[in-house]
>>> print(open('target.txt').read())   # compact mmCIF, C-alpha atoms
# COMPACT_ATOMS: atom_id res chain seq x y z
CA MET A 1 91.28 96.30 92.22
CA THR A 2 89.01 94.62 89.67
CA GLU A 3 87.34 91.26 90.00
CA SER A 4 88.15 88.97 87.10
CA THR A 5 85.67 86.66 85.48
CA ARG A 6 88.30 83.99 86.00
CA THR A 7 88.27 81.80 89.08
CA ALA A 8 90.58 79.27 90.65
CA LYS A 9 89.11 75.91 91.60
CA LEU A 10 89.89 74.30 94.94
CA THR A 11 88.85 70.67 95.43
CA LEU A 12 88.12 69.55 99.00
CA ASP A 13 87.12 65.89 99.10
CA ASP A 14 83.93 65.78 97.02
CA LYS A 15 83.41 69.54 97.02
CA THR A 16 84.82 72.04 94.50
CA LEU A 17 85.06 75.69 95.49
CA GLU A 18 85.52 78.54 93.04
CA LEU A 19 87.78 81.33 94.31
CA PRO A 20 87.54 84.68 92.48
CA ILE A 21 90.78 86.07 91.06
CA LEU A 22 91.39 89.74 91.84
CA THR A 23 93.61 91.75 89.48
CA PRO A 24 95.68 94.69 90.79
CA THR A 25 96.84 97.61 88.66
CA VAL A 26 100.35 96.13 88.92
CA GLY A 27 101.76 93.06 90.65
CA PRO A 28 100.65 89.44 91.05
CA GLU A 29 97.00 88.44 90.95
CA VAL A 30 95.30 87.61 94.24
CA LEU A 31 92.98 84.75 95.15
CA ASP A 32 89.95 85.97 97.10
CA ILE A 33 89.55 83.53 100.01
CA ARG A 34 87.16 85.61 102.12
CA LYS A 35 84.41 83.00 101.79
CA LEU A 36 86.71 80.00 102.08
CA TYR A 37 85.78 79.16 105.67
CA ALA A 38 82.06 79.71 105.14
CA GLN A 39 81.95 77.52 102.03
CA GLY A 40 84.66 74.96 102.72
CA HIS A 41 85.12 75.13 106.52
CA VAL A 42 88.92 75.38 106.12
CA PHE A 43 91.53 78.05 106.80
CA THR A 44 94.75 78.80 104.93
CA TYR A 45 98.12 78.41 106.67
CA ASP A 46 100.62 81.18 106.01
CA PRO A 47 103.10 81.95 108.85
CA GLY A 48 104.34 85.50 108.53
CA PHE A 49 101.55 86.27 106.02
CA THR A 50 104.17 86.28 103.25
CA SER A 51 101.65 85.01 100.68
CA THR A 52 98.57 86.78 102.01
CA ALA A 53 97.14 90.16 101.03
CA ALA A 54 95.40 91.48 104.16
CA CYS A 55 94.13 94.67 102.51
CA ASP A 56 94.00 96.59 99.26
CA SER A 57 95.96 99.83 99.07
CA THR A 58 96.79 102.63 96.66
CA ILE A 59 99.78 104.05 98.53
CA THR A 60 103.00 102.10 97.93
CA TYR A 61 104.06 99.37 95.52
CA ILE A 62 107.23 97.29 95.74
CA ASP A 63 108.68 94.85 93.22
CA GLY A 64 111.74 93.45 94.93
CA ASP A 65 112.93 91.40 91.97
CA GLU A 66 113.05 94.46 89.73
CA GLY A 67 114.21 96.92 92.40
CA ILE A 68 111.08 99.08 92.15
CA LEU A 69 109.56 101.21 94.92
CA LEU A 70 106.69 103.51 93.97
CA HIS A 71 104.80 105.99 96.15
CA ARG A 72 101.42 106.71 94.51
CA GLY A 73 103.10 105.69 91.24
CA TYR A 74 106.16 107.93 91.56
CA PRO A 75 109.59 106.18 91.70
CA ILE A 76 111.36 106.67 95.01
CA ASP A 77 114.63 107.73 93.37
CA GLN A 78 112.87 110.62 91.59
CA LEU A 79 111.13 111.70 94.78
CA ALA A 80 114.36 111.57 96.80
CA ALA A 81 116.32 113.47 94.16
CA LYS A 82 113.76 116.13 93.19
CA SER A 83 111.30 116.42 96.07
CA HIS A 84 111.55 116.78 99.84
CA TYR A 85 110.08 115.01 102.84
CA LEU A 86 107.00 117.15 103.56
CA GLU A 87 106.00 117.10 99.88
CA VAL A 88 106.28 113.29 99.98
CA CYS A 89 104.20 113.31 103.17
CA TYR A 90 101.47 115.20 101.32
CA LEU A 91 101.70 112.76 98.41
CA LEU A 92 101.39 109.71 100.66
CA MET A 93 98.49 111.17 102.64
CA TYR A 94 96.43 112.66 99.82
CA GLY A 95 97.40 110.69 96.71
CA GLU A 96 98.72 113.48 94.50
CA LEU A 97 101.65 115.87 94.47
CA PRO A 98 100.52 119.22 95.89
CA THR A 99 100.26 122.51 94.06
CA ALA A 100 102.52 125.29 95.33
CA THR A 101 99.64 126.72 97.38
CA GLN A 102 98.67 123.33 98.81
CA LEU A 103 102.28 122.60 99.76
CA GLU A 104 102.72 125.97 101.46
CA THR A 105 99.52 125.45 103.46
CA PHE A 106 100.55 121.92 104.45
CA GLU A 107 104.07 122.98 105.49
CA THR A 108 102.63 125.82 107.57
CA THR A 109 100.19 123.46 109.28
CA ILE A 110 102.95 120.98 110.18
CA THR A 111 105.29 123.75 111.35
CA ARG A 112 102.62 125.20 113.65
CA HIS A 113 102.07 121.82 115.35
CA THR A 114 105.69 121.01 116.27
CA MET A 115 105.56 122.09 119.92
CA LEU A 116 104.61 119.59 122.62
CA HIS A 117 102.23 120.22 125.49
CA GLU A 118 104.49 121.62 128.23
CA GLN A 119 103.37 119.01 130.75
CA MET A 120 104.71 116.27 128.50
CA GLN A 121 108.19 117.19 129.71
CA TYR A 122 107.35 115.30 132.91
CA PHE A 123 106.94 112.08 130.91
CA PHE A 124 110.51 112.35 129.68
CA ARG A 125 111.80 113.13 133.16
CA GLY A 126 110.08 110.03 134.50
CA PHE A 127 112.38 107.75 132.49
CA ARG A 128 115.86 106.76 133.61
CA ARG A 129 118.58 108.70 131.86
CA ASP A 130 119.92 105.49 130.33
CA ALA A 131 116.54 104.47 128.89
CA HIS A 132 116.68 103.60 125.19
CA PRO A 133 115.18 106.47 123.14
CA MET A 134 112.77 103.99 121.51
CA ALA A 135 111.36 103.09 124.92
CA THR A 136 110.84 106.78 125.59
CA MET A 137 109.15 107.31 122.22
CA VAL A 138 106.75 104.39 122.70
CA GLY A 139 105.69 105.80 126.06
CA VAL A 140 105.43 109.45 125.06
CA VAL A 141 103.58 108.84 121.78
CA GLY A 142 101.11 106.55 123.53
CA ALA A 143 100.59 109.22 126.19
CA MET A 144 99.61 111.84 123.59
CA SER A 145 96.04 110.54 123.77
CA ALA A 146 95.94 111.87 127.35
CA PHE A 147 96.73 115.40 126.13
CA TYR A 148 95.01 115.77 122.77
CA HIS A 149 91.44 114.69 123.41
CA ASP A 150 90.14 116.62 120.42
CA SER A 151 91.77 114.22 117.95
CA THR A 152 91.11 110.72 119.32
CA ASP A 153 87.67 110.02 117.79
CA VAL A 154 88.61 107.80 114.86
CA ASN A 155 85.09 108.02 113.43
CA ASP A 156 85.41 111.78 112.94
CA GLN A 157 87.25 112.59 109.68
CA LYS A 158 88.28 116.04 110.92
CA GLN A 159 89.79 114.58 114.10
CA ARG A 160 91.65 111.96 112.07
CA GLU A 161 93.14 114.78 109.99
CA ILE A 162 94.22 116.76 113.06
CA ALA A 163 95.78 113.65 114.62
CA ALA A 164 97.72 112.94 111.42
CA HIS A 165 99.13 116.48 111.30
CA ARG A 166 100.04 116.40 114.98
CA LEU A 167 101.88 113.12 114.75
CA ILE A 168 103.95 114.13 111.71
CA ALA A 169 104.73 117.52 113.28
CA LYS A 170 105.52 116.43 116.83
CA MET A 171 107.48 113.25 116.16
CA PRO A 172 110.78 115.11 115.46
CA THR A 173 110.36 117.00 118.74
CA ILE A 174 109.68 113.76 120.62
CA ALA A 175 112.68 112.00 119.04
CA ALA A 176 115.00 114.97 119.62
CA TRP A 177 113.89 115.34 123.24
CA ALA A 178 114.39 111.62 123.82
CA TYR A 179 117.95 112.10 122.57
CA LYS A 180 118.58 115.21 124.63
CA TYR A 181 117.25 113.52 127.74
CA SER A 182 119.49 110.48 127.21
CA ILE A 183 122.65 112.63 127.12
CA GLY A 184 121.66 114.95 129.98
CA GLN A 185 121.25 118.12 127.94
CA PRO A 186 118.33 120.57 128.18
CA PHE A 187 115.40 120.24 125.79
CA VAL A 188 115.55 122.52 122.75
CA TYR A 189 112.25 123.89 121.46
CA PRO A 190 111.37 123.79 117.75
CA ARG A 191 111.83 126.84 115.55
CA ASN A 192 109.24 127.84 112.98
CA ASP A 193 111.83 129.52 110.74
CA LEU A 194 113.56 126.20 109.96
CA ASP A 195 112.42 123.48 107.59
CA TYR A 196 111.49 120.01 108.85
CA ALA A 197 114.93 118.37 108.66
CA ALA A 198 116.90 121.43 109.77
CA ASN A 199 114.57 121.88 112.73
CA PHE A 200 115.20 118.30 113.84
CA LEU A 201 118.98 118.74 113.66
CA HIS A 202 118.65 122.02 115.55
CA MET A 203 116.68 120.34 118.35
CA CYS A 204 119.22 117.50 118.53
CA PHE A 205 122.51 119.39 118.43
CA SER A 206 122.03 122.98 119.55
CA VAL A 207 122.59 124.05 123.15
CA PRO A 208 121.56 127.24 124.98
CA ALA A 209 125.20 128.25 125.56
CA GLU A 210 126.02 129.07 121.94
CA PRO A 211 124.44 129.54 118.51
CA TYR A 212 124.10 126.54 116.21
CA HIS A 213 124.03 126.73 112.43
CA VAL A 214 122.45 123.87 110.50
CA ASP A 215 124.60 123.08 107.48
CA PRO A 216 122.34 122.79 104.39
CA ILE A 217 124.23 119.69 103.18
CA LEU A 218 123.49 117.90 106.46
CA ALA A 219 119.87 119.09 106.42
CA ARG A 220 119.45 117.80 102.86
CA ALA A 221 120.96 114.44 103.79
CA MET A 222 118.66 114.22 106.81
CA ASP A 223 115.67 115.07 104.64
CA ARG A 224 116.60 112.29 102.22
CA ILE A 225 116.84 109.78 105.06
CA PHE A 226 113.31 110.80 106.08
CA THR A 227 112.06 110.53 102.50
CA LEU A 228 113.64 107.15 101.78
CA HIS A 229 112.10 105.62 104.92
CA ALA A 230 108.65 107.24 104.64
CA ASP A 231 106.72 104.10 103.68
CA HIS A 232 107.48 100.55 102.61
CA GLU A 233 104.16 98.88 101.91
CA GLN A 234 102.66 96.23 104.25
CA ASN A 235 105.68 95.48 106.43
CA ALA A 236 105.59 94.30 110.05
CA SER A 237 105.15 97.72 111.72
CA THR A 238 102.65 98.98 109.14
CA SER A 239 100.61 95.81 109.54
CA THR A 240 100.80 96.30 113.30
CA VAL A 241 99.37 99.81 112.96
CA ARG A 242 96.59 98.54 110.71
CA LEU A 243 95.77 95.65 113.04
CA ALA A 244 95.69 97.91 116.10
CA SER A 245 93.55 100.50 114.36
CA SER A 246 91.06 97.85 113.18
CA SER A 247 89.83 97.68 116.78
CA GLY A 248 89.05 101.39 116.78
CA ALA A 249 92.02 102.27 119.01
CA ASN A 250 93.00 105.95 119.07
CA PRO A 251 95.66 107.04 116.55
CA PHE A 252 98.36 107.72 119.14
CA ALA A 253 98.05 104.20 120.57
CA CYS A 254 98.24 102.74 117.05
CA ILE A 255 101.39 104.67 116.14
CA ALA A 256 102.96 103.74 119.49
CA ALA A 257 102.29 100.09 118.57
CA GLY A 258 104.04 100.67 115.23
CA ILE A 259 107.06 102.17 116.99
CA ALA A 260 107.23 99.19 119.36
CA CYS A 261 107.18 96.78 116.40
CA LEU A 262 109.81 98.77 114.51
CA TRP A 263 112.07 98.54 117.54
CA GLY A 264 112.60 94.82 116.86
CA PRO A 265 116.10 94.11 115.52
CA ALA A 266 114.70 92.11 112.59
CA HIS A 267 112.80 95.19 111.39
CA GLY A 268 114.11 98.65 112.22
CA GLY A 269 117.59 97.99 113.50
CA ALA A 270 119.41 97.26 110.25
CA ASN A 271 121.46 100.46 110.08
CA GLN A 272 122.33 100.13 113.76
CA ALA A 273 123.47 96.55 113.13
CA CYS A 274 125.58 97.84 110.24
CA LEU A 275 127.41 100.32 112.48
CA GLU A 276 127.92 97.68 115.15
CA MET A 277 129.51 95.49 112.47
CA LEU A 278 131.84 98.34 111.50
CA LYS A 279 132.82 98.67 115.15
CA GLU A 280 133.53 94.93 115.27
CA ILE A 281 135.83 95.22 112.26
CA GLY A 282 137.46 98.26 113.84
CA THR A 283 140.17 99.22 111.37
CA VAL A 284 140.79 99.03 107.62
CA ASP A 285 143.63 96.52 107.98
CA ARG A 286 141.19 93.96 109.45
CA ILE A 287 138.76 94.11 106.51
CA PRO A 288 140.35 91.18 104.54
CA GLU A 289 139.84 88.94 107.57
CA PHE A 290 136.14 89.76 107.76
CA ILE A 291 135.65 89.55 104.00
CA ALA A 292 137.09 86.02 104.12
CA ARG A 293 134.72 85.17 106.98
CA ALA A 294 131.75 86.55 105.04
CA LYS A 295 132.64 84.28 102.09
CA ASP A 296 132.96 81.22 104.37
CA LYS A 297 129.62 79.40 104.51
CA ASN A 298 130.61 77.76 107.79
CA ASP A 299 131.31 81.06 109.54
CA PRO A 300 128.30 82.70 111.27
CA PHE A 301 129.61 86.20 110.51
CA ARG A 302 127.46 88.15 108.04
CA LEU A 303 128.07 91.54 106.46
CA MET A 304 125.27 93.88 107.55
CA GLY A 305 124.08 96.62 105.21
CA PHE A 306 124.69 94.61 102.03
CA GLY A 307 121.96 93.03 99.93
CA HIS A 308 118.29 93.16 100.95
CA ARG A 309 115.61 90.62 101.80
CA VAL A 310 113.10 92.41 99.55
CA TYR A 311 115.25 93.87 96.78
CA LYS A 312 117.04 91.09 94.92
CA ASN A 313 119.04 93.07 92.38
CA MET A 314 119.35 96.59 93.77
CA ASP A 315 117.88 98.81 96.46
CA PRO A 316 116.34 101.74 94.53
CA ARG A 317 116.84 103.98 97.58
CA ALA A 318 120.56 103.30 97.84
CA THR A 319 121.73 105.29 94.80
CA VAL A 320 120.36 108.59 96.09
CA MET A 321 121.47 107.79 99.64
CA LYS A 322 125.01 107.16 98.37
CA GLU A 323 125.07 110.65 96.87
CA SER A 324 124.18 112.16 100.23
CA ALA A 325 126.70 109.95 102.02
CA ASP A 326 129.46 111.12 99.69
CA GLU A 327 128.46 114.77 100.23
CA VAL A 328 128.35 114.40 104.02
CA LEU A 329 131.68 112.59 104.20
CA GLU A 330 133.30 115.19 101.95
CA LEU A 331 131.97 117.93 104.23
CA LEU A 332 132.87 116.31 107.55
CA GLY A 333 135.79 114.12 106.48
CA VAL A 334 136.63 110.58 107.56
CA GLU A 335 140.27 111.06 108.60
CA ASP A 336 139.53 111.03 112.32
CA ASN A 337 136.79 108.40 112.25
CA PRO A 338 138.01 104.80 111.84
CA LEU A 339 134.45 103.48 111.41
CA LEU A 340 133.86 105.70 108.39
CA GLN A 341 137.21 104.68 106.93
CA VAL A 342 136.17 101.04 107.25
CA ALA A 343 132.80 101.85 105.68
CA LYS A 344 134.32 103.54 102.64
CA GLU A 345 136.71 100.65 102.02
CA LEU A 346 133.91 98.08 102.43
CA GLU A 347 131.80 100.02 99.94
CA HIS A 348 134.66 99.98 97.43
CA ILE A 349 135.09 96.21 97.81
CA ALA A 350 131.36 95.49 97.53
CA LEU A 351 131.09 97.47 94.31
CA ASN A 352 134.11 95.80 92.69
CA ASP A 353 134.64 92.32 94.15
CA PRO A 354 133.22 89.63 91.77
CA TYR A 355 131.94 87.64 94.78
CA PHE A 356 129.81 90.56 95.98
CA ILE A 357 128.60 91.33 92.48
CA GLU A 358 127.66 87.70 91.78
CA LYS A 359 125.86 87.33 95.13
CA LYS A 360 124.18 90.73 94.63
CA LEU A 361 125.51 91.95 97.97
CA PHE A 362 125.16 95.61 97.04
CA PRO A 363 125.35 98.38 99.67
CA ASN A 364 121.75 99.11 100.66
CA VAL A 365 119.98 102.14 102.13
CA ASP A 366 120.75 101.00 105.69
CA PHE A 367 124.48 100.97 104.94
CA TYR A 368 124.49 104.54 103.63
CA SER A 369 122.05 105.96 106.18
CA GLY A 370 124.11 104.42 108.97
CA ILE A 371 127.24 106.09 107.62
CA ILE A 372 125.48 109.46 107.41
CA LEU A 373 124.03 109.30 110.92
CA GLU A 374 127.38 108.22 112.36
CA ALA A 375 129.15 111.09 110.59
CA MET A 376 126.58 113.58 111.89
CA GLY A 377 127.28 112.48 115.45
CA PHE A 378 124.19 110.43 116.28
CA PRO A 379 124.73 107.44 118.58
CA THR A 380 123.48 104.11 117.23
CA SER A 381 120.67 104.16 119.82
CA MET A 382 119.10 107.03 117.83
CA PHE A 383 119.11 105.26 114.47
CA THR A 384 115.80 103.43 115.03
CA PRO A 385 114.03 106.48 116.55
CA ILE A 386 114.94 108.44 113.41
CA PHE A 387 113.55 105.56 111.34
CA ALA A 388 110.33 105.68 113.40
CA MET A 389 110.05 109.41 112.93
CA SER A 390 110.48 109.01 109.17
CA ARG A 391 107.98 106.14 108.93
CA THR A 392 105.23 107.95 110.89
CA VAL A 393 103.75 109.44 107.72
CA GLY A 394 103.57 105.99 106.13
CA TRP A 395 101.79 104.57 109.16
CA ILE A 396 99.42 107.54 109.26
CA SER A 397 98.66 107.30 105.52
CA GLN A 398 97.89 103.58 105.82
CA TRP A 399 95.82 104.28 108.94
CA LYS A 400 93.78 106.96 107.16
CA GLU A 401 93.30 104.74 104.11
CA GLN A 402 92.03 101.91 106.27
CA PHE A 403 89.27 104.06 107.76
CA SER A 404 88.05 105.02 104.30
CA ASP A 405 87.84 101.35 103.26
CA PRO A 406 84.23 100.04 103.36
CA GLN A 407 85.64 96.50 103.74
CA MET A 408 87.46 97.34 106.98
CA LYS A 409 87.00 94.68 109.67
CA ILE A 410 88.67 94.06 112.97
CA GLY A 411 91.74 91.90 112.43
CA ARG A 412 91.27 88.29 113.48
CA PRO A 413 94.02 85.97 112.17
CA ARG A 414 93.30 82.25 112.41
CA GLN A 415 95.52 79.44 113.64
CA LEU A 416 96.46 75.83 113.11
CA TYR A 417 95.72 74.47 116.58
CA LEU A 418 98.05 71.66 117.69
CA GLY A 419 97.29 71.57 121.42
CA GLU A 420 95.37 69.13 123.58
CA THR A 421 91.81 68.17 122.71
CA TYR A 422 88.95 68.31 125.22
CA ARG A 423 89.74 66.88 128.65
CA ASP A 424 88.08 67.10 132.06
CA TYR A 425 89.52 68.92 135.02
CA VAL A 426 91.19 66.66 137.63
CA ASP A 427 91.18 67.65 141.30
CA VAL A 428 94.66 68.34 142.66
CA GLU A 429 94.61 65.40 145.11
CA ASP A 430 93.82 62.99 142.25
CA ARG A 431 96.65 64.08 139.94
CA ALA A 432 99.57 61.68 139.50
>>> encode(input="target.txt", output="structure tokens")
Amino acid sequence: MTESTRTAKLTLDDKTLELPILTPTVGPEVLDIRKLYAQGHVFTYDPGFTSTAACDSTITYIDGDEGILLHRGYPIDQLAAKSHYLEVCYLLMYGELPTATQLETFETTITRHTMLHEQMQYFFRGFRRDAHPMATMVGVVGAMSAFYHDSTDVNDQKQREIAAHRLIAKMPTIAAWAYKYSIGQPFVYPRNDLDYAANFLHMCFSVPAEPYHVDPILARAMDRIFTLHADHEQNASTSTVRLASSSGANPFACIAAGIACLWGPAHGGANQACLEMLKEIGTVDRIPEFIARAKDKNDPFRLMGFGHRVYKNMDPRATVMKESADEVLELLGVEDNPLLQVAKELEHIALNDPYFIEKKLFPNVDFYSGIILEAMGFPTSMFTPIFAMSRTVGWISQWKEQFSDPQMKIGRPRQLYLGETYRDYVDVEDRA
């Protein structure tokens, strides 16, 4: 960020304020309003903070109009096609792609932290069996601060580093155990001989009664889902993590807050909503009916998994995710799964129907990731936990960056107060 010699003038009655213009390396310029209240005694009004930059960052850049998503300058499609999740984790956390030695050291560190404290099993067993896995994850991740006291001092750089490694390493174990608990199967411990994605699939689908082989195509697809959801700039959950951490809260509490925010259906539940839509359609022969409803402005039905609120022309993550979806469906087949048959036909229509093309209702990453997770055998209740597991590195990277920012302050959003003005208390016997 560089401060321009240019300023914007704001006239308030008989007073004119000069607001510095800050210039990013890429993206729109930003008006610096930090002194607006002190100089003009006014606030800005921006519900949802959609026009407000609450921080500066060097991690992720999005241009929705152009379909661009960059991590530390690298396009997401290149990372998803050529890299893998733990290498992207290193990139997000440290700013550069690792050397072979650095990557090996990082992967070893993460692998050696995947086990959970044995007593944490009792936290899982304290939940009802029908508890949503996200509820379990919020509770267990928040409880980590009660077990790992040597990594809760946010003012100690070494402890921040240890906490970051632990969260990235243990989140797959927590998510897998939440799944196992929900279906009544025994917990499966992590294996150090498997890579990150394969280890997660092993913990989710293996059972003590028989050996389980992780298919490399499924592991690669899982790794891509992790990679494509690793970070997405200053979204609701990331901003929640930053706001929580601005108070000095321990890292496990901050990430638990991010998980809770992600759980909201307007944020992390898009691929689950997509699968629920496919279930509503049910069979291929009913697709024309729902396509007609989607084109009817007076019908409340909406196609989930098509188009994107940020990306206006294309979702840069969707192309690579489509490749994995095609590979997974070829491996597992769709003949016995009506939902996947509906999904494939909907994809064909969306890519060829002039209405979809004109409205830019392209299949997005949630559409393809939902298809993959359904084909692998995950219930829809696990879609958001997998999203949370993937996004942990983004939250942690933003959290670490915030603590290295000399401008860091505790978050204190303002308000436009529309309530009652001052009034005196009235004794109960005197009230009308």
>>> residues_around(input="target.txt", residues="stretch 54-64 of chain A", least_positions_apart="2", cutoff="8 Å", atoms="only C-alpha atoms", output="tab-separated table (two decimals) with C-alpha atoms, in the coordinates of the input")
chain	number	residue	atom	x	y	z
A	1	MET	CA	91.28	96.30	92.22
A	27	GLY	CA	101.76	93.06	90.65
A	52	THR	CA	98.57	86.78	102.01
A	66	GLU	CA	113.05	94.46	89.73
A	67	GLY	CA	114.21	96.92	92.40
A	68	ILE	CA	111.08	99.08	92.15
A	69	LEU	CA	109.56	101.21	94.92
A	70	LEU	CA	106.69	103.51	93.97
A	71	HIS	CA	104.80	105.99	96.15
A	72	ARG	CA	101.42	106.71	94.51
A	73	GLY	CA	103.10	105.69	91.24
A	92	LEU	CA	101.39	109.71	100.66
A	95	GLY	CA	97.40	110.69	96.71
A	231	ASP	CA	106.72	104.10	103.68
A	232	HIS	CA	107.48	100.55	102.61
A	233	GLU	CA	104.16	98.88	101.91
A	310	VAL	CA	113.10	92.41	99.55
A	311	TYR	CA	115.25	93.87	96.78
A	312	LYS	CA	117.04	91.09	94.92
A	313	ASN	CA	119.04	93.07	92.38
A	397	SER	CA	98.66	107.30	105.52
A	398	GLN	CA	97.89	103.58	105.82
A	401	GLU	CA	93.30	104.74	104.11
>>> atom_distance(input="target.txt", atom1="atom CA of A:Asp366", atom2="atom CA of A:Met304")
8.6 Å
>>> residues_around(input="target.txt", residues="A:Val320", least_positions_apart="3", cutoff="12 Å", atoms="all atoms listed in the file", output="list in words")
Pro75, Ile76, Asp77, Gln78, Leu79, Ala80, Ala81, Lys82, Ser83, Arg220, Ala221, Asp223, Arg224, Ile225, Thr227, Leu228, Asp315, Pro316, Arg317, Glu323, Ser324, Ala325, Asp326, Glu327, Pro363, Asn364, Val365, Tyr368 and Ser369 of chain A
>>> atom_distance(input="target.txt", atom1="atom CA of A:Val88", atom2="atom CA of A:Cys204")
23.0 Å
>>> residues_around(input="target.txt", residues="A:Trp399", least_positions_apart="2", cutoff="9 Å", atoms="only C-alpha atoms", output="PyMOL selection string")
chain A and resi 238+241-242+245+251+254+394-397+401-403
>>> atom_distance(input="target.txt", atom1="atom CA of A:Val328", atom2="atom CA of A:Phe378")
13.5 Å
>>> closest_residue(input="target.txt", among="A:Leu167, A:Ala257, A:Ala178, A:Val154", to="A:Phe127", atoms="all atoms listed in the file")
A:Ala178
>>> residues_near_point(input="target.txt", point="(102.3, 106.3, 124.5)", cutoff="12 Å", atoms="all atoms listed in the file", output="PyMOL selection string")
chain A and resi 120+123-124+134-147+167+174+250-260
>>> write_last_selection(input="target.txt", atoms="C-alpha atoms", output="mmCIF file, in the coordinates of the input")
data_model
loop_
_atom_site.group_PDB
_atom_site.id
_atom_site.type_symbol
_atom_site.label_atom_id
_atom_site.label_comp_id
_atom_site.auth_asym_id
_atom_site.auth_seq_id
_atom_site.Cartn_x
_atom_site.Cartn_y
_atom_site.Cartn_z
ATOM 1 C CA MET A 120 104.710 116.270 128.500
ATOM 2 C CA PHE A 123 106.940 112.080 130.910
ATOM 3 C CA PHE A 124 110.510 112.350 129.680
ATOM 4 C CA MET A 134 112.770 103.990 121.510
ATOM 5 C CA ALA A 135 111.360 103.090 124.920
ATOM 6 C CA THR A 136 110.840 106.780 125.590
ATOM 7 C CA MET A 137 109.150 107.310 122.220
ATOM 8 C CA VAL A 138 106.750 104.390 122.700
ATOM 9 C CA GLY A 139 105.690 105.800 126.060
ATOM 10 C CA VAL A 140 105.430 109.450 125.060
ATOM 11 C CA VAL A 141 103.580 108.840 121.780
ATOM 12 C CA GLY A 142 101.110 106.550 123.530
ATOM 13 C CA ALA A 143 100.590 109.220 126.190
ATOM 14 C CA MET A 144 99.610 111.840 123.590
ATOM 15 C CA SER A 145 96.040 110.540 123.770
ATOM 16 C CA ALA A 146 95.940 111.870 127.350
ATOM 17 C CA PHE A 147 96.730 115.400 126.130
ATOM 18 C CA LEU A 167 101.880 113.120 114.750
ATOM 19 C CA ILE A 174 109.680 113.760 120.620
ATOM 20 C CA ASN A 250 93.000 105.950 119.070
ATOM 21 C CA PRO A 251 95.660 107.040 116.550
ATOM 22 C CA PHE A 252 98.360 107.720 119.140
ATOM 23 C CA ALA A 253 98.050 104.200 120.570
ATOM 24 C CA CYS A 254 98.240 102.740 117.050
ATOM 25 C CA ILE A 255 101.390 104.670 116.140
ATOM 26 C CA ALA A 256 102.960 103.740 119.490
ATOM 27 C CA ALA A 257 102.290 100.090 118.570
ATOM 28 C CA GLY A 258 104.040 100.670 115.230
ATOM 29 C CA ILE A 259 107.060 102.170 116.990
ATOM 30 C CA ALA A 260 107.230 99.190 119.360
#
>>> closest_residue(input="target.txt", among="A:Val207, A:Ile291, A:Val30, A:Ala53", to="A:Asp353", atoms="only C-alpha atoms")
A:Ile291
>>> residues_around(input="target.txt", residues="A:Leu361", least_positions_apart="3", cutoff="7 Å", atoms="only C-alpha atoms", output="list in words")
Phe306, Gly307, Ala350, Phe356 and Ile357 of chain A
>>> closest_residue(input="target.txt", among="A:Gln39, A:Gln234, A:Arg423, A:Gln157", to="A:Ser404", atoms="only C-alpha atoms")
A:Gln157
>>> residues_near_point(input="target.txt", point="(96.5, 74.7, 106.8)", cutoff="12 Å", atoms="only C-alpha atoms", output="NGL selection string")
:A and (37 or 41-47 or 414-418)
>>> residues_around(input="target.txt", residues="A:Tyr179", least_positions_apart="4", cutoff="8 Å", atoms="all atoms listed in the file", output="NGL selection string")
:A and (133 or 175 or 183 or 204 or 382)
>>> closest_residue(input="target.txt", among="A:Leu97, A:Ala270, A:Met222, A:Ala388", to="A:Ser237", atoms="all atoms listed in the file")
A:Ala388
>>> closest_residue(input="target.txt", among="A:Leu12, A:Leu91, A:Ala209, A:Ala375", to="A:Pro186", atoms="all atoms listed in the file")
A:Ala209
>>> decode(input="target.txt", residues="stretch 68-91 of chain A", atoms="C-alpha atoms", output="PDB file, in the first residue's frame")
ATOM      1  CA  ILE A  68      -9.519 -13.699 -11.034  1.00  0.00           C
ATOM      2  CA  LEU A  69      -8.427 -15.319  -7.758  1.00  0.00           C
ATOM      3  CA  LEU A  70      -4.767 -14.965  -6.772  1.00  0.00           C
ATOM      4  CA  HIS A  71      -2.963 -16.410  -3.757  1.00  0.00           C
ATOM      5  CA  ARG A  72       0.213 -14.370  -3.156  1.00  0.00           C
ATOM      6  CA  GLY A  73       0.009 -13.482  -6.864  1.00  0.00           C
ATOM      7  CA  TYR A  74      -0.373 -17.032  -8.175  1.00  0.00           C
ATOM      8  CA  PRO A  75      -3.610 -17.832 -10.110  1.00  0.00           C
ATOM      9  CA  ILE A  76      -5.784 -20.385  -8.349  1.00  0.00           C
ATOM     10  CA  ASP A  77      -6.208 -22.516 -11.473  1.00  0.00           C
ATOM     11  CA  GLN A  78      -2.424 -22.962 -11.761  1.00  0.00           C
ATOM     12  CA  LEU A  79      -2.115 -23.839  -8.082  1.00  0.00           C
ATOM     13  CA  ALA A  80      -4.970 -26.348  -8.239  1.00  0.00           C
ATOM     14  CA  ALA A  81      -3.620 -27.974 -11.400  1.00  0.00           C
ATOM     15  CA  LYS A  82       0.097 -28.065 -10.584  1.00  0.00           C
ATOM     16  CA  SER A  83       0.432 -27.815  -6.808  1.00  0.00           C
ATOM     17  CA  HIS A  84      -1.158 -29.538  -3.822  1.00  0.00           C
ATOM     18  CA  TYR A  85      -2.864 -28.420  -0.630  1.00  0.00           C
ATOM     19  CA  LEU A  86       0.049 -28.404   1.827  1.00  0.00           C
ATOM     20  CA  GLU A  87       2.239 -26.506  -0.640  1.00  0.00           C
ATOM     21  CA  VAL A  88      -0.557 -23.925  -0.964  1.00  0.00           C
ATOM     22  CA  CYS A  89      -0.776 -23.827   2.839  1.00  0.00           C
ATOM     23  CA  TYR A  90       2.918 -22.945   2.969  1.00  0.00           C
ATOM     24  CA  LEU A  91       2.428 -20.291   0.292  1.00  0.00           C
TER      25      LEU A  91
END
